[in-house]
file upload27.txt (compact mmCIF, C-alpha atoms)
# COMPACT_ATOMS: atom_id res chain seq x y z
CA MET A 281 -5.09 16.27 4.08
CA GLU A 282 -7.98 16.30 6.53
CA ARG A 283 -9.55 13.17 5.06
CA VAL A 284 -6.22 11.32 5.14
CA ASN A 285 -5.91 12.15 8.83
CA ARG A 286 -9.43 10.77 9.32
CA ILE A 287 -8.21 7.48 7.83
CA LEU A 288 -5.34 7.41 10.32
CA GLU A 289 -7.76 7.96 13.19
CA HIS A 290 -10.47 5.58 11.92
CA ASP A 291 -11.19 2.74 14.35
CA GLY A 292 -11.46 0.18 11.55
CA TYR A 293 -8.16 1.27 10.07
CA GLN A 294 -6.46 1.16 13.46
CA GLU A 295 -7.81 -2.36 13.94
CA CYS A 296 -6.28 -3.40 10.61
CA LEU A 297 -2.92 -1.98 11.67
CA ARG A 298 -3.08 -3.98 14.90
CA LYS A 299 -4.03 -7.17 13.05
CA ASN A 300 -1.24 -6.68 10.49
CA GLU A 301 1.25 -6.16 13.29
CA ALA A 302 0.10 -9.29 15.14
CA ALA A 303 0.15 -11.39 11.97
CA GLU A 304 3.67 -10.24 11.10
CA LYS A 305 5.25 -10.13 14.55
CA ASP A 306 7.69 -12.90 13.61
CA ARG A 307 8.09 -11.94 9.93
CA ARG A 308 11.73 -11.43 8.92
CA PHE A 309 10.95 -9.83 5.60
CA CYS A 310 9.29 -6.54 4.65
CA ARG A 311 6.35 -5.70 6.85
CA HIS A 312 3.03 -4.13 5.99
CA ASP A 313 3.00 -1.38 8.55
CA MET A 314 2.78 2.39 8.78
CA ALA A 315 6.41 2.83 7.73
CA HIS A 316 5.68 0.92 4.51
CA PHE A 317 2.43 2.78 3.90
CA LEU A 318 4.11 6.17 4.30
CA ASP A 319 7.07 5.14 2.15
CA VAL A 320 4.63 4.14 -0.61
CA ALA A 321 2.67 7.39 -0.21
CA ARG A 322 5.74 9.59 -0.39
CA ILE A 323 7.28 7.74 -3.34
CA ALA A 324 3.93 7.78 -5.18
CA TRP A 325 3.69 11.52 -4.56
CA ILE A 326 7.22 12.08 -5.90
CA LEU A 327 6.40 10.00 -8.99
CA ASN A 328 3.17 11.94 -9.41
CA LEU A 329 5.12 15.20 -9.44
CA GLN A 330 7.90 13.90 -11.69
CA GLU A 331 5.51 12.35 -14.20
CA GLY A 332 3.01 15.22 -14.15
CA THR A 333 0.20 12.78 -13.48
CA LYS A 334 -1.78 15.36 -11.49
CA VAL A 335 -3.44 12.91 -9.09
CA GLU A 336 -4.76 14.70 -6.02
CA GLN A 337 -2.45 14.32 -3.01
CA GLU A 338 -5.22 13.04 -0.72
CA LEU A 339 -5.99 10.25 -3.17
CA VAL A 340 -2.33 9.26 -3.41
CA TYR A 341 -2.06 9.08 0.37
CA ALA A 342 -5.43 7.37 0.84
CA ALA A 343 -4.51 4.62 -1.64
CA ALA A 344 -1.07 4.14 -0.08
CA LEU A 345 -2.41 3.98 3.48
CA LEU A 346 -5.09 1.46 2.54
CA HIS A 347 -3.41 -0.71 -0.10
CA ASP A 348 -2.19 -3.37 2.36
CA CYS A 349 -4.64 -2.80 5.23
CA GLY A 350 -6.09 -6.29 4.71
CA ARG A 351 -2.77 -8.12 4.68
CA TRP A 352 -3.70 -9.87 7.94
CA ARG A 353 -6.51 -11.67 6.11
CA GLN A 354 -4.01 -13.27 3.74
CA TYR A 355 -2.38 -14.89 6.76
CA GLU A 356 -5.72 -15.72 8.38
CA ASP A 357 -7.77 -17.16 5.50
CA ARG A 358 -5.53 -16.87 2.41
CA THR A 359 -7.57 -14.07 0.84
CA PRO A 360 -5.15 -12.23 -1.48
CA HIS A 361 -4.36 -9.05 0.39
CA GLU A 362 -5.23 -6.72 -2.46
CA LYS A 363 -8.75 -8.19 -2.47
CA ALA A 364 -9.03 -8.10 1.32
CA SER A 365 -7.85 -4.49 1.38
CA ALA A 366 -10.33 -3.56 -1.36
CA GLN A 367 -13.10 -5.11 0.74
CA ILE A 368 -12.11 -3.15 3.84
CA ALA A 369 -11.29 0.21 2.24
CA PRO A 370 -14.71 1.32 0.90
CA GLN A 371 -16.32 1.80 4.29
CA ILE A 372 -13.29 3.61 5.66
CA LEU A 373 -13.16 5.90 2.62
CA LEU A 374 -16.88 6.60 2.85
CA GLU A 375 -16.72 7.41 6.56
CA CYS A 376 -13.70 9.65 5.99
CA GLY A 377 -15.49 11.81 3.42
CA PHE A 378 -14.30 10.54 0.04
CA GLU A 379 -16.73 10.89 -2.86
CA LYS A 380 -17.93 7.89 -4.90
CA GLU A 381 -15.61 8.59 -7.86
CA GLU A 382 -12.64 9.02 -5.51
CA ARG A 383 -13.44 5.78 -3.68
CA GLU A 384 -13.67 3.91 -6.97
CA SER A 385 -10.30 5.26 -8.12
CA VAL A 386 -8.63 4.23 -4.86
CA LEU A 387 -10.20 0.75 -5.01
CA VAL A 388 -9.04 0.17 -8.59
CA ALA A 389 -5.51 1.16 -7.53
CA ILE A 390 -5.61 -1.13 -4.48
CA LEU A 391 -6.82 -4.07 -6.55
CA GLY A 392 -4.11 -3.44 -9.14
CA HIS A 393 -1.13 -2.83 -6.90
CA ARG A 394 0.24 -6.36 -7.38
CA ASN A 395 -0.54 -6.73 -11.09
CA PRO A 396 2.64 -6.35 -13.18
CA GLU A 397 0.53 -5.11 -16.09
CA ASN A 398 0.24 -1.86 -14.11
CA ALA A 399 4.00 -1.24 -14.07
CA GLN A 400 3.65 1.35 -16.84
CA ALA A 401 0.03 2.33 -16.19
CA GLY A 402 -0.92 5.94 -15.77
CA GLY A 403 -2.96 7.53 -13.03
CA LEU A 404 -3.28 6.40 -9.46
CA THR A 405 -3.11 2.70 -10.31
CA GLY A 406 0.31 2.99 -11.94
CA LEU A 407 1.63 5.32 -9.26
CA LEU A 408 0.63 2.91 -6.47
CA TYR A 409 2.05 -0.12 -8.27
CA ARG A 410 5.41 1.51 -8.92
CA ALA A 411 5.71 3.14 -5.51
CA ASP A 412 4.90 -0.12 -3.74
CA LYS A 413 7.73 -1.89 -5.55
CA LEU A 414 10.20 1.00 -5.17
CA SER A 415 9.54 1.24 -1.43
CA ARG A 416 11.40 -1.96 -0.63
CA SER A 417 14.98 -1.47 0.59
CA CYS A 418 16.41 -4.83 -0.41
CA PHE A 419 19.91 -3.32 -0.52
CA SER A 420 19.89 -3.03 3.28
CA CYS A 421 17.71 -5.99 4.25
CA LYS A 422 19.29 -8.61 6.50
CA ALA A 423 16.86 -11.25 5.19
CA CYS A 424 17.32 -10.46 1.49
CA ALA A 425 19.05 -13.76 0.71
CA GLU A 426 16.07 -15.73 2.05
CA CYS A 427 13.43 -13.51 0.39
CA ASP A 428 11.22 -15.18 -2.20
CA TRP A 429 11.05 -12.10 -4.43
CA PRO A 430 12.70 -12.87 -7.78
CA GLU A 431 16.18 -11.39 -7.98
CA GLU A 432 15.21 -9.07 -10.85
CA LYS A 433 12.49 -7.47 -8.65
CA LYS A 434 14.74 -6.79 -5.67
CA ASN A 435 15.82 -3.21 -5.14
CA ARG A 436 19.58 -3.55 -4.92
CA ARG A 437 20.08 0.16 -5.65
CA ILE A 438 18.15 3.33 -4.92
CA ARG A 439 16.23 4.36 -8.00
CA LEU A 440 13.23 6.40 -9.06

call {"tool": "encode", "arguments": {"input": "upload27.txt", "output": "structure tokens"}}
result
Amino acid sequence: MERVNRILEHDGYQECLRKNEAAEKDRRFCRHDMAHFLDVARIAWILNLQEGTKVEQELVYAAALLHDCGRWRQYEDRTPHEKASAQIAPQILLECGFEKEERESVLVAILGHRNPENAQAGGLTGLLYRADKLSRSCFSCKACAECDWPEEKKNRRIRL
């Protein structure tokens, strides 16, 4: 997990975390912070094991840590956050030692993490999509009634 720890320590990544935090300081709904990123990583890893997908753990964690790193740009200039994150992630991945094929796999997953067509997809893209949706604890959210997520997408029960 050495390369994943390099992501955590990367100055550009840390800057994204700060910008996400500032952009969401008054947000009542789910935030795009380290708790969310780690929830997504851990759920994706569990799914990977359960489904026998055999995606490398560092790739699962890299994709989860980076999938919403550009969320602040959606607030700032309305760039969809999956696109903003996919623009930011390549340099971080490169500087943290990920090979070209690995970077491409992570970027495809980041770009697809909001596309419902990936709900049943295999590989890293499907894992990230499903884990991102499963990570939300709507059943205990104080702002759930005001949330704009469709009712059928809200996690009212724990499930995997």

call {"tool": "closest_residue", "arguments": {"input": "upload27.txt", "among": "A:Glu432, A:Arg383, A:Gln354, A:Glu426", "to": "Glu304 of chain A", "atoms": "all atoms listed in the file"}}
result
A:Gln354

call {"tool": "atom_distance", "arguments": {"input": "upload27.txt", "atom1": "atom CA of Leu373 of chain A", "atom2": "atom CA of Leu327 of chain A"}}
result
23.1 Å

call {"tool": "residues_around", "arguments": {"input": "upload27.txt", "residues": "Ala399 of chain A", "least_positions_apart": "5", "cutoff": "9 Å", "atoms": "all atoms listed in the file", "output": "mmCIF file with C-alpha atoms, in the coordinates of the input"}}
result
data_model
loop_
_atom_site.group_PDB
_atom_site.id
_atom_site.type_symbol
_atom_site.label_atom_id
_atom_site.label_comp_id
_atom_site.auth_asym_id
_atom_site.auth_seq_id
_atom_site.Cartn_x
_atom_site.Cartn_y
_atom_site.Cartn_z
ATOM 1 C CA HIS A 393 -1.130 -2.830 -6.900
ATOM 2 C CA THR A 405 -3.110 2.700 -10.310
ATOM 3 C CA GLY A 406 0.310 2.990 -11.940
ATOM 4 C CA LEU A 407 1.630 5.320 -9.260
ATOM 5 C CA TYR A 409 2.050 -0.120 -8.270
ATOM 6 C CA ARG A 410 5.410 1.510 -8.920
#

call {"tool": "residues_around", "arguments": {"input": "upload27.txt", "residues": "segment 336-351 of chain A", "least_positions_apart": "2", "cutoff": "6 Å", "atoms": "only C-alpha atoms", "output": "list in words"}}
result
Met281, Val284, Cys296, Phe317, Val320, Ala321, Arg353, Gln354, His361, Ala364, Ser365, Val386 and Ile390 of chain A

call {"tool": "closest_residue", "arguments": {"input": "upload27.txt", "among": "A:Trp352, A:Ile323, A:Leu387, A:Pro430", "to": "Ala303 of chain A", "atoms": "all atoms listed in the file"}}
result
A:Trp352

call {"tool": "atom_distance", "arguments": {"input": "upload27.txt", "atom1": "atom CA of Asp412 of chain A", "atom2": "atom CA of Glu397 of chain A"}}
result
14.0 Å

call {"tool": "atom_distance", "arguments": {"input": "upload27.txt", "atom1": "atom CA of Trp325 of chain A", "atom2": "atom CA of Tyr355 of chain A"}}
result
29.4 Å

call {"tool": "residues_around", "arguments": {"input": "upload27.txt", "residues": "Leu391 of chain A", "least_positions_apart": "3", "cutoff": "7 Å", "atoms": "all atoms listed in the file", "output": "short mmCIF file (atom, residue, chain, number, x, y, z; two decimals) with C-alpha atoms, in the frame of the given file"}}
result
data_model
loop_
_atom_site.label_atom_id
_atom_site.label_comp_id
_atom_site.auth_asym_id
_atom_site.auth_seq_id
_atom_site.Cartn_x
_atom_site.Cartn_y
_atom_site.Cartn_z
CA GLU A 362 -5.23 -6.72 -2.46
CA LYS A 363 -8.75 -8.19 -2.47
CA ALA A 366 -10.33 -3.56 -1.36
CA LEU A 387 -10.20 0.75 -5.01
CA VAL A 388 -9.04 0.17 -8.59
#

call {"tool": "closest_residue", "arguments": {"input": "upload27.txt", "among": "A:Arg394, A:Met314, A:Lys380, A:Leu414", "to": "Glu301 of chain A", "atoms": "only C-alpha atoms"}}
result
A:Met314

call {"tool": "closest_residue", "arguments": {"input": "upload27.txt", "among": "A:Arg358, A:Lys433, A:Arg416, A:Arg283", "to": "His312 of chain A", "atoms": "all atoms listed in the file"}}
result
A:Arg416

call {"tool": "residues_around", "arguments": {"input": "upload27.txt", "residues": "Gly402 of chain A", "least_positions_apart": "6", "cutoff": "10 Å", "atoms": "only C-alpha atoms", "output": "PyMOL selection string"}}
result
chain A and resi 328+331+333+335+408

call {"tool": "closest_residue", "arguments": {"input": "upload27.txt", "among": "A:Cys310, A:Gly403, A:Asp291, A:Arg298", "to": "Ala389 of chain A", "atoms": "all atoms listed in the file"}}
result
A:Gly403

call {"tool": "decode", "arguments": {"input": "upload27.txt", "residues": "segment 283-384 of chain A", "atoms": "C-alpha atoms", "output": "PDB file, in the first residue's frame"}}
result
ATOM      1  CA  ARG A 283       1.687   4.002  -3.411  1.00  0.00           C
ATOM      2  CA  VAL A 284      -1.671   4.607  -1.715  1.00  0.00           C
ATOM      3  CA  ASN A 285       0.139   6.227   1.198  1.00  0.00           C
ATOM      4  CA  ARG A 286       1.981   8.417  -1.319  1.00  0.00           C
ATOM      5  CA  ILE A 287      -1.414   9.620  -2.564  1.00  0.00           C
ATOM      6  CA  LEU A 288      -2.407  10.524   0.990  1.00  0.00           C
ATOM      7  CA  GLU A 289       0.796  12.512   1.419  1.00  0.00           C
ATOM      8  CA  HIS A 290       0.750  14.137  -2.038  1.00  0.00           C
ATOM      9  CA  ASP A 291       0.601  17.939  -1.866  1.00  0.00           C
ATOM     10  CA  GLY A 292      -1.886  18.150  -4.744  1.00  0.00           C
ATOM     11  CA  TYR A 293      -4.157  15.604  -3.113  1.00  0.00           C
ATOM     12  CA  GLN A 294      -3.976  17.387   0.231  1.00  0.00           C
ATOM     13  CA  GLU A 295      -4.908  20.624  -1.536  1.00  0.00           C
ATOM     14  CA  CYS A 296      -7.967  18.932  -3.037  1.00  0.00           C
ATOM     15  CA  LEU A 297      -9.022  17.717   0.407  1.00  0.00           C
ATOM     16  CA  ARG A 298      -8.734  21.258   1.761  1.00  0.00           C
ATOM     17  CA  LYS A 299     -10.721  22.684  -1.157  1.00  0.00           C
ATOM     18  CA  ASN A 300     -13.437  20.033  -0.788  1.00  0.00           C
ATOM     19  CA  GLU A 301     -13.690  20.797   2.913  1.00  0.00           C
ATOM     20  CA  ALA A 302     -13.949  24.547   2.306  1.00  0.00           C
ATOM     21  CA  ALA A 303     -16.545  24.104  -0.440  1.00  0.00           C
ATOM     22  CA  GLU A 304     -18.673  21.840   1.757  1.00  0.00           C
ATOM     23  CA  LYS A 305     -18.258  23.537   5.126  1.00  0.00           C
ATOM     24  CA  ASP A 306     -21.974  24.387   5.246  1.00  0.00           C
ATOM     25  CA  ARG A 307     -23.224  21.276   3.417  1.00  0.00           C
ATOM     26  CA  ARG A 308     -25.871  19.367   5.394  1.00  0.00           C
ATOM     27  CA  PHE A 309     -25.782  16.298   3.211  1.00  0.00           C
ATOM     28  CA  CYS A 310     -23.103  13.683   2.549  1.00  0.00           C
ATOM     29  CA  ARG A 311     -19.653  15.157   2.282  1.00  0.00           C
ATOM     30  CA  HIS A 312     -16.792  14.280  -0.009  1.00  0.00           C
ATOM     31  CA  ASP A 313     -14.081  13.856   2.570  1.00  0.00           C
ATOM     32  CA  MET A 314     -11.618  11.268   3.815  1.00  0.00           C
ATOM     33  CA  ALA A 315     -14.321   9.391   5.728  1.00  0.00           C
ATOM     34  CA  HIS A 316     -16.287   8.965   2.488  1.00  0.00           C
ATOM     35  CA  PHE A 317     -13.195   8.007   0.496  1.00  0.00           C
ATOM     36  CA  LEU A 318     -12.207   5.342   3.021  1.00  0.00           C
ATOM     37  CA  ASP A 319     -15.765   4.021   3.271  1.00  0.00           C
ATOM     38  CA  VAL A 320     -15.817   3.636  -0.517  1.00  0.00           C
ATOM     39  CA  ALA A 321     -12.381   1.968  -0.509  1.00  0.00           C
ATOM     40  CA  ARG A 322     -13.302  -0.535   2.180  1.00  0.00           C
ATOM     41  CA  ILE A 323     -16.683  -1.391   0.671  1.00  0.00           C
ATOM     42  CA  ALA A 324     -15.110  -1.753  -2.790  1.00  0.00           C
ATOM     43  CA  TRP A 325     -12.485  -4.065  -1.309  1.00  0.00           C
ATOM     44  CA  ILE A 326     -15.170  -6.187   0.386  1.00  0.00           C
ATOM     45  CA  LEU A 327     -17.118  -6.387  -2.892  1.00  0.00           C
ATOM     46  CA  ASN A 328     -13.913  -7.292  -4.714  1.00  0.00           C
ATOM     47  CA  LEU A 329     -13.368 -10.200  -2.328  1.00  0.00           C
ATOM     48  CA  GLN A 330     -17.006 -11.330  -2.356  1.00  0.00           C
ATOM     49  CA  GLU A 331     -17.302 -11.166  -6.138  1.00  0.00           C
ATOM     50  CA  GLY A 332     -13.869 -12.648  -6.844  1.00  0.00           C
ATOM     51  CA  THR A 333     -13.072  -9.728  -9.111  1.00  0.00           C
ATOM     52  CA  LYS A 334      -9.349  -9.901  -8.297  1.00  0.00           C
ATOM     53  CA  VAL A 335      -8.630  -6.180  -8.658  1.00  0.00           C
ATOM     54  CA  GLU A 336      -5.382  -5.250  -6.932  1.00  0.00           C
ATOM     55  CA  GLN A 337      -5.947  -3.649  -3.517  1.00  0.00           C
ATOM     56  CA  GLU A 338      -3.813  -0.589  -4.309  1.00  0.00           C
ATOM     57  CA  LEU A 339      -5.943   0.126  -7.374  1.00  0.00           C
ATOM     58  CA  VAL A 340      -9.161  -0.189  -5.380  1.00  0.00           C
ATOM     59  CA  TYR A 341      -7.869   2.246  -2.770  1.00  0.00           C
ATOM     60  CA  ALA A 342      -6.340   4.635  -5.312  1.00  0.00           C
ATOM     61  CA  ALA A 343      -9.624   4.885  -7.229  1.00  0.00           C
ATOM     62  CA  ALA A 344     -11.636   5.373  -4.033  1.00  0.00           C
ATOM     63  CA  LEU A 345      -9.316   8.042  -2.654  1.00  0.00           C
ATOM     64  CA  LEU A 346      -9.325   9.983  -5.927  1.00  0.00           C
ATOM     65  CA  HIS A 347     -12.871   9.515  -7.235  1.00  0.00           C
ATOM     66  CA  ASP A 348     -14.242  12.735  -5.679  1.00  0.00           C
ATOM     67  CA  CYS A 349     -11.007  14.711  -5.265  1.00  0.00           C
ATOM     68  CA  GLY A 350     -12.263  17.317  -7.743  1.00  0.00           C
ATOM     69  CA  ARG A 351     -15.652  17.837  -6.118  1.00  0.00           C
ATOM     70  CA  TRP A 352     -14.671  21.396  -5.184  1.00  0.00           C
ATOM     71  CA  ARG A 353     -14.550  22.276  -8.891  1.00  0.00           C
ATOM     72  CA  GLN A 354     -18.211  21.353  -9.282  1.00  0.00           C
ATOM     73  CA  TYR A 355     -19.020  24.054  -6.732  1.00  0.00           C
ATOM     74  CA  GLU A 356     -16.516  26.498  -8.206  1.00  0.00           C
ATOM     75  CA  ASP A 357     -17.141  26.266 -11.964  1.00  0.00           C
ATOM     76  CA  ARG A 358     -19.822  23.560 -12.381  1.00  0.00           C
ATOM     77  CA  THR A 359     -17.420  21.012 -13.866  1.00  0.00           C
ATOM     78  CA  PRO A 360     -18.990  17.599 -13.141  1.00  0.00           C
ATOM     79  CA  HIS A 361     -16.895  16.230 -10.319  1.00  0.00           C
ATOM     80  CA  GLU A 362     -16.123  12.930 -12.016  1.00  0.00           C
ATOM     81  CA  LYS A 363     -14.542  14.876 -14.891  1.00  0.00           C
ATOM     82  CA  ALA A 364     -12.716  17.259 -12.559  1.00  0.00           C
ATOM     83  CA  SER A 365     -11.387  14.336 -10.521  1.00  0.00           C
ATOM     84  CA  ALA A 366     -10.272  12.542 -13.697  1.00  0.00           C
ATOM     85  CA  GLN A 367      -8.379  15.684 -14.711  1.00  0.00           C
ATOM     86  CA  ILE A 368      -6.618  15.940 -11.349  1.00  0.00           C
ATOM     87  CA  ALA A 369      -5.885  12.250 -10.732  1.00  0.00           C
ATOM     88  CA  PRO A 370      -3.430  11.428 -13.563  1.00  0.00           C
ATOM     89  CA  GLN A 371      -0.606  13.596 -12.259  1.00  0.00           C
ATOM     90  CA  ILE A 372      -1.072  12.369  -8.708  1.00  0.00           C
ATOM     91  CA  LEU A 373      -1.098   8.743  -9.859  1.00  0.00           C
ATOM     92  CA  LEU A 374       1.995   9.279 -12.000  1.00  0.00           C
ATOM     93  CA  GLU A 375       3.914  10.972  -9.184  1.00  0.00           C
ATOM     94  CA  CYS A 376       2.889   8.212  -6.778  1.00  0.00           C
ATOM     95  CA  GLY A 377       4.325   5.447  -8.959  1.00  0.00           C
ATOM     96  CA  PHE A 378       1.336   3.972 -10.786  1.00  0.00           C
ATOM     97  CA  GLU A 379       2.009   2.497 -14.230  1.00  0.00           C
ATOM     98  CA  LYS A 380       0.228   3.727 -17.374  1.00  0.00           C
ATOM     99  CA  GLU A 381      -2.209   0.793 -17.518  1.00  0.00           C
ATOM    100  CA  GLU A 382      -3.035   1.209 -13.821  1.00  0.00           C
ATOM    101  CA  ARG A 383      -3.609   4.952 -14.237  1.00  0.00           C
ATOM    102  CA  GLU A 384      -5.929   4.326 -17.173  1.00  0.00           C
TER     103      GLU A 384
END
